[in-house]
file data27.tsv (TSV, C-alpha atoms)
chain	number	residue	atom	x	y	z
U	1424	MET	CA	138.09	154.49	79.33
U	1425	ASP	CA	135.53	154.78	76.53
U	1426	ILE	CA	131.94	154.59	77.76
U	1427	GLY	CA	128.64	154.27	75.92
U	1428	VAL	CA	125.07	154.98	77.01
U	1429	ILE	CA	122.26	153.11	75.26
U	1430	GLY	CA	118.98	154.96	75.73
U	1431	VAL	CA	118.81	158.66	76.59
U	1432	GLY	CA	115.42	158.95	78.23
U	1433	ALA	CA	115.00	160.41	81.72
U	1434	MET	CA	117.62	158.19	83.38
U	1435	GLY	CA	119.88	157.87	80.36
U	1436	LYS	CA	120.28	161.66	80.19
U	1437	ASN	CA	121.56	161.61	83.75
U	1438	HIS	CA	124.05	158.85	82.93
U	1439	VAL	CA	125.38	160.91	80.02
U	1440	ARG	CA	125.64	164.04	82.19
U	1441	VAL	CA	127.54	162.27	84.98
U	1442	TYR	CA	129.87	160.33	82.68
U	1443	SER	CA	130.74	163.61	80.93
U	1444	GLU	CA	131.88	164.98	84.32
U	1445	LEU	CA	134.15	162.03	85.15
U	1446	LYS	CA	137.78	162.58	84.16
U	1447	ARG	CA	138.43	158.87	83.62
U	1448	VAL	CA	135.94	158.81	80.75
U	1449	HIS	CA	137.97	159.62	77.66
U	1450	ASN	CA	135.35	159.19	74.98
U	1451	LEU	CA	131.60	159.14	75.60
U	1452	GLY	CA	129.12	157.73	73.09
U	1453	VAL	CA	125.33	157.64	72.99
U	1454	PHE	CA	122.67	155.81	71.03
U	1455	ASP	CA	118.90	156.06	71.05
U	1456	LEU	CA	116.23	155.14	68.53
U	1457	ASN	CA	115.13	158.76	68.97
U	1458	SER	CA	118.01	160.13	66.93
U	1459	ALA	CA	116.99	163.77	67.51
U	1460	GLY	CA	117.02	163.23	71.27
U	1461	ALA	CA	120.40	161.49	71.04
U	1462	ARG	CA	121.87	164.40	69.03
U	1463	GLU	CA	120.53	166.93	71.49
U	1464	ILE	CA	122.03	165.22	74.55
U	1465	GLY	CA	125.24	164.45	72.64
U	1466	GLU	CA	125.77	168.09	71.71
U	1467	LYS	CA	124.98	169.23	75.24
U	1468	HIS	CA	127.58	166.97	76.86
U	1469	GLY	CA	130.17	166.54	74.12
U	1470	ALA	CA	129.29	162.91	73.39
U	1471	THR	CA	129.56	161.13	70.06
U	1472	VAL	CA	126.21	160.01	68.63
U	1473	TYR	CA	126.20	156.58	66.98
U	1474	SER	CA	123.69	155.27	64.48
U	1475	SER	CA	123.33	151.78	65.97
U	1476	VAL	CA	123.98	149.76	69.11
U	1477	GLU	CA	126.59	147.76	67.20
U	1478	GLU	CA	128.49	150.91	66.22
U	1479	LEU	CA	128.42	152.23	69.80
U	1480	LEU	CA	129.67	148.90	71.19
U	1481	ALA	CA	132.54	148.86	68.71
U	1482	HIS	CA	133.76	152.17	70.19
U	1483	SER	CA	133.11	151.44	73.90
U	1484	ASP	CA	134.87	149.52	76.66
U	1485	ALA	CA	131.73	149.44	78.80
U	1486	VAL	CA	128.15	150.68	78.55
U	1487	SER	CA	125.12	151.72	80.56
U	1488	VAL	CA	121.83	150.24	79.36
U	1489	CYS	CA	119.07	152.77	80.09
U	1490	VAL	CA	116.37	151.67	77.66
U	1491	PRO	CA	112.83	150.88	78.92
U	1492	THR	CA	112.74	147.67	80.98
U	1493	GLN	CA	110.92	145.62	78.34
U	1494	PHE	CA	113.92	146.05	76.03
U	1495	HIS	CA	116.65	145.15	78.56
U	1496	ASN	CA	116.75	141.50	77.54
U	1497	ALA	CA	117.38	142.13	73.84
U	1498	VAL	CA	119.82	145.00	74.29
U	1499	VAL	CA	121.90	143.34	77.02
U	1500	ARG	CA	122.20	140.22	74.84
U	1501	GLN	CA	123.78	142.45	72.18
U	1502	VAL	CA	126.20	143.82	74.77
U	1503	PHE	CA	127.10	140.30	75.91
U	1504	SER	CA	127.69	139.24	72.30
U	1505	ALA	CA	130.21	142.07	71.99
U	1506	GLY	CA	131.92	140.99	75.23
U	1507	LYS	CA	131.51	144.39	76.90
U	1508	SER	CA	130.97	145.21	80.56
U	1509	VAL	CA	127.53	146.58	81.34
U	1510	LEU	CA	125.58	148.50	83.97
U	1511	ILE	CA	121.86	147.72	83.61
U	1512	GLU	CA	119.37	150.19	85.00
U	1513	LYS	CA	116.87	148.72	87.46
U	1514	PRO	CA	114.89	146.54	87.31
U	1515	ILE	CA	117.30	144.13	85.68
U	1516	CYS	CA	114.64	142.70	83.33
U	1517	ALA	CA	110.90	142.50	82.90
U	1518	THR	CA	110.76	139.30	84.99
U	1519	ALA	CA	113.09	137.43	87.31
U	1520	GLU	CA	112.95	134.34	85.09
U	1521	GLN	CA	113.89	136.37	82.02
U	1522	ALA	CA	116.83	137.85	83.91
U	1523	THR	CA	117.95	134.39	85.07
U	1524	GLN	CA	118.01	133.11	81.49
U	1525	LEU	CA	119.75	136.27	80.29
U	1526	MET	CA	122.59	135.89	82.79
U	1527	LYS	CA	123.27	132.38	81.49
U	1528	THR	CA	124.43	134.01	78.24
U	1529	ALA	CA	126.90	136.38	79.94
U	1530	PRO	CA	130.50	135.97	78.78
U	1531	ALA	CA	133.28	135.40	81.30
U	1532	GLY	CA	135.61	138.22	82.29
U	1533	ILE	CA	133.24	141.18	82.14
U	1534	THR	CA	131.72	143.32	84.89
U	1535	ILE	CA	127.92	143.19	85.17
U	1536	GLY	CA	126.14	145.57	87.53
U	1537	VAL	CA	122.58	146.69	88.13
U	1538	GLY	CA	121.71	150.32	88.85
U	1539	HIS	CA	119.88	150.25	92.16
U	1540	ILE	CA	121.00	153.82	92.72
U	1541	GLU	CA	119.81	154.31	96.31
U	1542	ARG	CA	122.37	151.78	97.53
U	1543	PHE	CA	124.88	154.55	96.82
U	1544	ASN	CA	123.01	157.18	98.83
U	1545	PRO	CA	125.42	158.11	101.64
U	1546	ILE	CA	122.73	157.85	104.34
U	1547	VAL	CA	122.49	154.08	103.78
U	1548	GLU	CA	126.03	153.42	105.01
U	1549	GLU	CA	125.64	155.84	107.92
U	1550	ILE	CA	122.44	154.17	109.11
U	1551	ARG	CA	123.94	150.70	108.65
U	1552	LYS	CA	126.73	151.69	111.05
U	1553	ILE	CA	124.22	152.89	113.67
U	1554	VAL	CA	121.62	150.11	113.56
U	1555	LYS	CA	122.23	147.32	116.07
U	1556	LYS	CA	119.03	145.52	117.09
U	1557	PRO	CA	116.04	147.02	115.28
U	1558	LEU	CA	112.58	146.50	116.72
U	1559	TYR	CA	110.67	148.00	113.80
U	1560	VAL	CA	111.55	149.35	110.34
U	1561	GLU	CA	109.47	151.50	108.02
U	1562	MET	CA	110.38	152.80	104.56
U	1563	LYS	CA	108.30	155.16	102.43
U	1564	ARG	CA	108.78	156.15	98.81
U	1565	HIS	CA	105.94	158.36	97.56
U	1566	ASN	CA	105.96	160.37	94.39
U	1567	PRO	CA	103.64	162.50	92.24
U	1568	ALA	CA	102.61	160.89	88.95
U	1569	SER	CA	105.46	160.73	86.43
U	1570	ALA	CA	105.11	160.78	82.65
U	1571	ARG	CA	108.32	158.77	82.30
U	1572	VAL	CA	106.77	155.62	83.80
U	1573	THR	CA	105.43	153.18	81.23
U	1574	GLY	CA	104.51	149.54	81.63
U	1575	SER	CA	105.56	149.10	85.26
U	1576	THR	CA	103.80	149.12	88.60
U	1577	VAL	CA	104.84	151.25	91.55
U	1578	ILE	CA	106.44	148.13	93.06
U	1579	GLU	CA	109.23	147.69	90.51
U	1580	ASP	CA	109.33	151.43	89.78
U	1581	LEU	CA	109.73	152.81	93.33
U	1582	MET	CA	109.39	150.18	96.06
U	1583	ILE	CA	112.16	148.05	94.57
U	1584	HIS	CA	114.71	150.63	95.80
U	1585	ASP	CA	113.71	150.00	99.41
U	1586	ILE	CA	113.48	146.25	98.88
U	1587	ASP	CA	117.08	146.32	97.63
U	1588	ILE	CA	118.33	148.30	100.63
U	1589	LEU	CA	116.28	146.31	103.13
U	1590	LEU	CA	117.37	142.86	101.96
U	1591	ASN	CA	120.93	143.52	100.84
U	1592	VAL	CA	122.10	145.96	103.51
U	1593	PHE	CA	120.10	145.31	106.68
U	1594	PHE	CA	118.36	141.93	106.60
U	1595	PRO	CA	118.29	138.52	104.91
U	1596	SER	CA	115.28	137.29	102.95
U	1597	PRO	CA	111.88	138.16	104.41
U	1598	GLY	CA	109.33	135.76	105.77
U	1599	LYS	CA	105.64	135.93	104.92
U	1600	ILE	CA	104.67	139.01	102.91
U	1601	SER	CA	101.23	140.61	102.87
U	1602	SER	CA	100.34	143.42	100.50
U	1603	ALA	CA	97.48	145.71	99.59
U	1604	GLY	CA	97.04	148.25	96.83
U	1605	ASN	CA	97.14	148.54	93.05
U	1606	ALA	CA	99.53	149.48	90.25
U	1607	ASP	CA	100.02	153.00	91.61
U	1608	VAL	CA	99.74	152.66	95.39
U	1609	CYS	CA	101.03	149.75	97.45
U	1610	SER	CA	101.55	148.92	101.13
U	1611	VAL	CA	103.51	145.89	102.31
U	1612	LEU	CA	104.01	144.22	105.68
U	1613	MET	CA	106.66	141.57	106.22
U	1614	ARG	CA	108.95	140.12	108.87
U	1615	CYS	CA	112.70	140.00	108.51
U	1616	GLY	CA	113.70	137.55	111.20
U	1617	ASP	CA	111.67	138.76	114.18
U	1618	VAL	CA	111.56	142.39	113.00
U	1619	PRO	CA	108.27	143.75	111.57
U	1620	VAL	CA	108.85	145.84	108.45
U	1621	ALA	CA	106.43	148.17	106.66
U	1622	LEU	CA	107.01	149.42	103.11
U	1623	SER	CA	104.83	151.82	101.16
U	1624	ALA	CA	105.09	153.35	97.71
U	1625	SER	CA	102.83	155.66	95.73
U	1626	ARG	CA	102.72	157.45	92.41
U	1627	LYS	CA	99.68	159.46	93.48
U	1628	SER	CA	101.16	161.50	96.30
U	1629	SER	CA	101.06	165.30	96.40
U	1630	LYS	CA	104.23	165.24	98.50
U	1631	LYS	CA	107.49	163.59	97.51
U	1632	ILE	CA	108.74	161.33	100.31
U	1633	ARG	CA	111.89	159.21	100.51
U	1634	MET	CA	112.42	158.09	104.10
U	1635	ILE	CA	113.56	155.31	106.40
U	1636	TYR	CA	112.54	155.00	110.05
U	1637	VAL	CA	114.13	152.53	112.48
U	1638	GLU	CA	113.15	152.00	116.11
U	1639	GLU	CA	115.50	150.40	118.62
U	1640	GLU	CA	115.18	149.97	122.39
U	1641	GLU	CA	117.23	153.06	123.23
U	1642	PHE	CA	116.86	155.25	120.16
U	1643	THR	CA	114.99	155.94	116.93
U	1644	ILE	CA	116.59	156.77	113.58
U	1645	GLU	CA	115.08	158.85	110.80
U	1646	GLY	CA	116.74	159.17	107.41
U	1647	ASP	CA	115.75	161.32	104.42
U	1648	PHE	CA	117.10	160.06	101.09
U	1649	MET	CA	116.51	163.39	99.34
U	1650	SER	CA	118.12	165.77	101.85
U	1651	GLN	CA	120.65	163.06	102.84
U	1652	GLU	CA	120.04	163.82	106.50
U	1653	VAL	CA	120.06	161.32	109.38
U	1654	THR	CA	118.63	162.14	112.82
U	1655	ILE	CA	118.85	160.05	115.99
U	1656	TYR	CA	116.28	160.52	118.76
U	1657	ARG	CA	117.53	159.04	122.01
U	1658	LYS	CA	115.37	158.05	124.96
U	1659	PRO	CA	114.23	161.09	126.95
U	1660	GLY	CA	115.90	162.00	130.17
U	1661	GLN	CA	112.48	162.49	131.74
U	1662	TYR	CA	108.76	162.28	131.13
U	1663	THR	CA	106.51	164.87	132.77
U	1664	PHE	CA	102.96	166.16	132.74
U	1665	GLU	CA	102.51	169.93	132.58
U	1666	ALA	CA	99.03	171.46	132.64
U	1667	GLU	CA	97.57	168.06	131.80
U	1668	ARG	CA	99.89	167.84	128.81
U	1669	TYR	CA	102.45	165.09	128.27
U	1670	VAL	CA	105.98	166.46	127.88
U	1671	GLN	CA	108.94	164.44	126.60
U	1672	GLU	CA	112.53	165.70	126.53
U	1673	ASN	CA	114.51	163.95	123.82
U	1674	ILE	CA	118.20	164.01	123.04
U	1675	ILE	CA	118.40	164.72	119.32
U	1676	GLU	CA	121.57	164.06	117.30
U	1677	LYS	CA	122.25	165.09	113.72
U	1678	VAL	CA	124.57	162.59	112.06
U	1679	MET	CA	127.33	164.06	109.91
U	1680	VAL	CA	126.74	162.80	106.36
U	1681	ASN	CA	129.16	163.41	103.51
U	1682	LYS	CA	126.54	164.45	100.95
U	1683	LEU	CA	127.26	163.10	97.47
U	1684	GLU	CA	125.24	162.50	94.32
U	1685	PRO	CA	124.33	158.77	94.38
U	1686	LEU	CA	124.51	158.42	90.58
U	1687	LYS	CA	128.03	159.87	90.49
U	1688	ARG	CA	129.10	157.37	93.17
U	1689	GLU	CA	127.42	154.55	91.26
U	1690	LEU	CA	129.01	155.31	87.88
U	1691	SER	CA	132.44	155.98	89.42
U	1692	THR	CA	132.21	152.61	91.16
U	1693	PHE	CA	131.23	150.94	87.89
U	1694	ILE	CA	134.28	152.36	86.13
U	1695	ASP	CA	136.52	151.23	89.03
U	1696	CYS	CA	135.12	147.71	88.81
U	1697	VAL	CA	135.59	147.53	85.04
U	1698	GLU	CA	139.16	148.86	85.23
U	1699	HIS	CA	140.20	146.41	87.94
U	1700	GLY	CA	138.09	143.41	86.96
U	1701	LEU	CA	136.05	143.53	90.17
U	1702	PRO	CA	132.40	142.59	90.76
U	1703	PHE	CA	129.99	145.50	90.99
U	1704	PRO	CA	128.45	145.87	94.50
U	1705	ILE	CA	124.93	145.23	93.17
U	1706	THR	CA	125.17	141.90	91.43
U	1707	PRO	CA	122.72	140.34	88.96
U	1708	ALA	CA	121.89	137.71	91.61
U	1709	GLN	CA	120.85	140.42	94.08
U	1710	ALA	CA	118.85	142.25	91.42
U	1711	ILE	CA	117.03	139.05	90.45
U	1712	HIS	CA	116.22	138.40	94.11
U	1713	ASN	CA	114.85	141.95	94.40
U	1714	LEU	CA	112.65	141.33	91.38
U	1715	ARG	CA	111.39	138.02	92.77
U	1716	ILE	CA	110.24	139.83	95.92
U	1717	CYS	CA	108.46	142.38	93.72
U	1718	GLU	CA	106.73	139.55	91.88
U	1719	GLU	CA	105.67	137.96	95.18
U	1720	ILE	CA	104.17	141.29	96.27
U	1721	GLN	CA	102.35	141.65	92.94
U	1722	ALA	CA	100.98	138.13	93.29
U	1723	GLY	CA	99.59	139.12	96.68
U	1724	LEU	CA	97.86	142.12	95.14
U	1725	ALA	CA	96.32	139.91	92.46
U	1726	LYS	CA	94.70	137.77	95.15
call {"tool": "encode", "arguments": {"input": "data27.tsv", "output": "structure tokens"}}
result
Amino acid sequence: MDIGVIGVGAMGKNHVRVYSELKRVHNLGVFDLNSAGAREIGEKHGATVYSSVEELLAHSDAVSVCVPTQFHNAVVRQVFSAGKSVLIEKPICATAEQATQLMKTAPAGITIGVGHIERFNPIVEEIRKIVKKPLYVEMKRHNPASARVTGSTVIEDLMIHDIDILLNVFFPSPGKISSAGNADVCSVLMRCGDVPVALSASRKSSKKIRMIYVEEEEFTIEGDFMSQEVTIYRKPGQYTFEAERYVQENIIEKVMVNKLEPLKRELSTFIDCVEHGLPFPITPAQAIHNLRICEEIQAGLAK
């Protein structure tokens, strides 16, 4: 299969790198308005550099769109006009309404996916298999400031990953949402059914955190998205007081996780879906719903 990557910024470079490692990709093409950057990444990974989006599309069966979010609408419309399958980096568009109108122009018979990469982190499936009746869920995604972020708040930049996992893997739509924060730091409380959920995201942290924490009646689960480790803490066999100090004996289990690069899983899945005419696991409808939740959180901050 011939694959193209439109936009070779921070995420686009990773798409090019991973596609170059996949044996099913026969010819790999790249395009970026920064022609020097496109040549550099093309030479590094053996990709052909094209002078326009139209030229790249003419030589591709499917493409990844990795341009800044504000340009998704225009670029994806070009891809649709060429009748090519597309994987759009998250968020799908600048607004949910823009994405809704964009999808109305999609041609029939192509695969359209959205790159919510953390859905492909192997700990997500492992935790999904363990969770039965959660009493409380907390997800944190904190990051030092990043120069790559332009024109987006921490909600659609970072928190949207956890919104996607929360609402498309574990729970249906949330109830009332309350939020506090600003463009760089945000905390959210919501209820999914009768389960209280806390989300937080920051671009001001001195420590990088990617975690999920789930409490159930008989055990607690901790998952680390970076190390791809899952730990289960089961109810203690006994509680004691020693020298006026509370002592708790827990049973701790380390879950066996088949550690894989999420982006490689994502792009391999995209190629599978294109080859077999299947829907991508993260659909435009799900991505639009994720973005609507982000917009609801932002509206709460504005108040």
call {"tool": "atom_distance", "arguments": {"input": "data27.tsv", "atom1": "CA of Thr1643 in chain U", "atom2": "CA of Tyr1656 in chain U"}}
result
5.1 Å
call {"tool": "closest_atom_pairs", "arguments": {"input": "data27.tsv", "of": "range 1564-1596 of chain U", "to": "range 1621-1637 of chain U", "cutoff": "10 Å", "atoms": "all atoms listed in the file", "output": "JSON lines"}}
result
{"residue": "U:Arg1564", "atom": "CA", "partner": "U:Arg1633", "partner_atom": "CA", "distance": 4.7}
{"residue": "U:His1565", "atom": "CA", "partner": "U:Ser1625", "partner_atom": "CA", "distance": 4.5}
{"residue": "U:Asn1566", "atom": "CA", "partner": "U:Lys1631", "partner_atom": "CA", "distance": 4.7}
{"residue": "U:Pro1567", "atom": "CA", "partner": "U:Ser1628", "partner_atom": "CA", "distance": 4.9}
{"residue": "U:Ala1568", "atom": "CA", "partner": "U:Arg1626", "partner_atom": "CA", "distance": 4.9}
{"residue": "U:Ser1569", "atom": "CA", "partner": "U:Arg1626", "partner_atom": "CA", "distance": 7.4}
{"residue": "U:Val1572", "atom": "CA", "partner": "U:Arg1626", "partner_atom": "CA", "distance": 9.7}
{"residue": "U:Thr1576", "atom": "CA", "partner": "U:Arg1626", "partner_atom": "CA", "distance": 9.2}
{"residue": "U:Val1577", "atom": "CA", "partner": "U:Ser1625", "partner_atom": "CA", "distance": 6.4}
{"residue": "U:Ile1578", "atom": "CA", "partner": "U:Ala1624", "partner_atom": "CA", "distance": 7.1}
{"residue": "U:Asp1580", "atom": "CA", "partner": "U:Ala1624", "partner_atom": "CA", "distance": 9.2}
{"residue": "U:Leu1581", "atom": "CA", "partner": "U:Ala1624", "partner_atom": "CA", "distance": 6.4}
{"residue": "U:Met1582", "atom": "CA", "partner": "U:Ala1624", "partner_atom": "CA", "distance": 5.6}
{"residue": "U:Ile1583", "atom": "CA", "partner": "U:Ala1624", "partner_atom": "CA", "distance": 9.4}
{"residue": "U:Asp1585", "atom": "CA", "partner": "U:Leu1622", "partner_atom": "CA", "distance": 7.7}
{"residue": "U:Ile1586", "atom": "CA", "partner": "U:Leu1622", "partner_atom": "CA", "distance": 8.4}
{"residue": "U:Leu1589", "atom": "CA", "partner": "U:Leu1622", "partner_atom": "CA", "distance": 9.8}
call {"tool": "atom_distance", "arguments": {"input": "data27.tsv", "atom1": "CA of Ile1553 in chain U", "atom2": "CA of Cys1696 in chain U"}}
result
27.6 Å
call {"tool": "residues_around", "arguments": {"input": "data27.tsv", "residues": "Phe1494 in chain U", "least_positions_apart": "4", "cutoff": "9 Å", "atoms": "all atoms listed in the file", "output": "ChimeraX atom specification"}}
result
/U:1490,1498-1499,1516-1517
call {"tool": "write_last_selection", "arguments": {"input": "data27.tsv", "atoms": "C-alpha atoms", "output": "PDB file, in the coordinates of the input"}}
result
ATOM      1  CA  VAL U1490     116.370 151.670  77.660  1.00  0.00           C
ATOM      2  CA  VAL U1498     119.820 145.000  74.290  1.00  0.00           C
ATOM      3  CA  VAL U1499     121.900 143.340  77.020  1.00  0.00           C
ATOM      4  CA  CYS U1516     114.640 142.700  83.330  1.00  0.00           C
ATOM      5  CA  ALA U1517     110.900 142.500  82.900  1.00  0.00           C
TER       6      ALA U1517
END
call {"tool": "atom_distance", "arguments": {"input": "data27.tsv", "atom1": "CA of Thr1518 in chain U", "atom2": "CA of Ser1691 in chain U"}}
result
27.7 Å
call {"tool": "residues_around", "arguments": {"input": "data27.tsv", "residues": "Arg1542 in chain U", "least_positions_apart": "2", "cutoff": "10 Å", "atoms": "only C-alpha atoms", "output": "list in words"}}
result
Gly1538, His1539, Ile1540, Asn1544, Pro1545, Ile1546, Val1547, Glu1548, His1584, Asp1585, Asp1587, Ile1588, Leu1589, Asn1591, Val1592, Pro1685, Leu1686, Arg1688, Glu1689, Pro1704 and Ile1705 of chain U
call {"tool": "write_last_selection", "arguments": {"input": "data27.tsv", "atoms": "C-alpha atoms", "output": "short mmCIF file (atom, residue, chain, number, x, y, z; two decimals), keeping the file's coordinate frame"}}
result
data_model
loop_
_atom_site.label_atom_id
_atom_site.label_comp_id
_atom_site.auth_asym_id
_atom_site.auth_seq_id
_atom_site.Cartn_x
_atom_site.Cartn_y
_atom_site.Cartn_z
CA GLY U 1538 121.71 150.32 88.85
CA HIS U 1539 119.88 150.25 92.16
CA ILE U 1540 121.00 153.82 92.72
CA ASN U 1544 123.01 157.18 98.83
CA PRO U 1545 125.42 158.11 101.64
CA ILE U 1546 122.73 157.85 104.34
CA VAL U 1547 122.49 154.08 103.78
CA GLU U 1548 126.03 153.42 105.01
CA HIS U 1584 114.71 150.63 95.80
CA ASP U 1585 113.71 150.00 99.41
CA ASP U 1587 117.08 146.32 97.63
CA ILE U 1588 118.33 148.30 100.63
CA LEU U 1589 116.28 146.31 103.13
CA ASN U 1591 120.93 143.52 100.84
CA VAL U 1592 122.10 145.96 103.51
CA PRO U 1685 124.33 158.77 94.38
CA LEU U 1686 124.51 158.42 90.58
CA ARG U 1688 129.10 157.37 93.17
CA GLU U 1689 127.42 154.55 91.26
CA PRO U 1704 128.45 145.87 94.50
CA ILE U 1705 124.93 145.23 93.17
#
call {"tool": "closest_residue", "arguments": {"input": "data27.tsv", "among": "U:Ile1533, U:Asn1437, U:Gly1427, U:Gln1524", "to": "Glu1478 in chain U", "atoms": "only C-alpha atoms"}}
result
U:Gly1427
